[in-house]
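Chemist: Below: one structure in structure tokens.
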Amino acid sequence: MTQARTPSDWPAGPRGHALLGSLPDLRADALGYLRHVRAGYGDLFSVRFGPRRVLMICEPAAAREVLVAQSGRFRKGRGIQKLRDVLGDGLLTADGETWRTHRRMMQPAFHRAALDRLSGEIVGATRPLLARLAAARNGGAEVEVGTEMLHVTLRAVAAALFGTALRDEDLRVVERELPPLLEYATARTRAVLDLDALPTPAARRARASGAALDAVVARIIAERRAAAHAGDDLLGLLLAARDEEGSGLSDAELRDEVMTLFLAGHETTATLLTFLLLELSRAPEWRARVQAEVREVLGDRTPTAADLRALPLLGACIQETLRLYPPAWLLPRQATSPATVGGFAAAPGENVSVNIFLIQRSARFWPRPDAFDPERWLGGARTPDAFMPFGAGARMCIGNHLALLEATLISALLLRDFTLDVPGGGPTRLQAGVTLKPGGPVRARVG
């Protein structure tokens, strides 16, 4: 067994700038820089983010030490903690007993059988997208894929959460106010200095957006509590959730969880769909196979959750997209008690980060790791421990099945009726913020 070292004996890494460490390189090209560092230092290395040192983990066994075996010794990293003023104490930001209680209460609402009943709401939310694509095809216009996917996944999450309770004017508020709030939240996680108290224009705009969204959520919660039936949508399931003593979530707790689902749920699924359509445009032979499968299985009827198992080629393409482009590409953690990771000691307050992107693109576990090869998910040999796009352990993303349900239903409807071609192959550079995105617009012709 490897002997634990003191924190001062962490693995080597780049020296970087005297004051800023590796921040300038990370801001210029985070993924390219970290790939370069791993090539020189191995799967465990240290890197400085300004004054803070981080143990970067690019190896599955060490990742599971943090996320599974010793998860109780770590809490979410500083960047996620700084989202509390936006999200409150939802599952994404909460720690300790608050997180454990909410997770136990909410888990039944996210079981596959419960979520499968929401497929009709998701399909309904996709119809405006299909109408826009038909208009673009008829008019010979291009569409920006990322923007369209953000629109459709926002509507899908809203429909899954609120069903018919969300009025048209409410949806317009959500579509108008959520993007600036998300932009502010992203900037908060990346800030080196904590300047939260300063009344910057962005902070004032975010507070106004949050208040407008809170008003919509509070009205719907109040209407549901006054109704005889909580409803069959996700909010109804959350209203019915009870802890071991029979208590439910308060209005404030429901607000925090709804905002977390809005902010964390729609953008990650949108980027998954954007990368999926981008890769299928680059691999027209796979796109043709998937389109033939979808058309044979669905015909002209509306898809349901039961169709997911009948679409193995589409499922393989989605899994391969998640491998290449995990939306939550970096999972930061902070030690709360002494822990040993990969043979190195992490003292309380020390920071570690699990690099999902580099784990899932490691040539040790994935032949041709940078290639889009859905065939590897159709019975081929692979390393399950090296695939964790939704995290691992008790804190694995509770919405993983909802995300896959949305992605499959939306892409099946789109691919059945349309072919999106991205001239020139689209952007090759990646933007690594809180989530992973294409490095530029993905403009497509609609056929």
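Every chain in the structure tokens takes a letter, A first, then B, and so on in the order presented; its residues are numbered from 1, and the ligands are numbered from 1 following the presented order.
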For range 395-405 of chain A, find every residue with an atom within 10 Å (counting only C-alpha atoms), except residues of its own chain fewer than 3 positions away, and show them as a PyMOL selection string.
Modeler: chain A and resi 67-68+71+76+91-92+99-100+103+106-107+109-112+114-116+118-119+122+153+157+160+261+264-266+268-270+272+304-305+308+315+318-319+328+388-392+408-410
Chemist: Leaving out Asp43 in chain A and any residue of its chain fewer than 3 positions from it, which residues lie within 12 Å of it when counting only C-alpha atoms, given as a count of residues only?
Modeler: 31
Chemist: Go ahead and compute the interatomic distance for CA of Glu121 in chain A and CA of Ala159 in chain A, in Å to one decimal.
Modeler: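 According to the coordinates, CA of Glu121 in chain A and CA of Ala159 in chain A are separated by 5.5 Å.
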Chemist: Using CA of Glu244 in chain A and CA of Phe262 in chain A as the two end points, give the distance in Å to one decimal.
Modeler: 27.0 Å
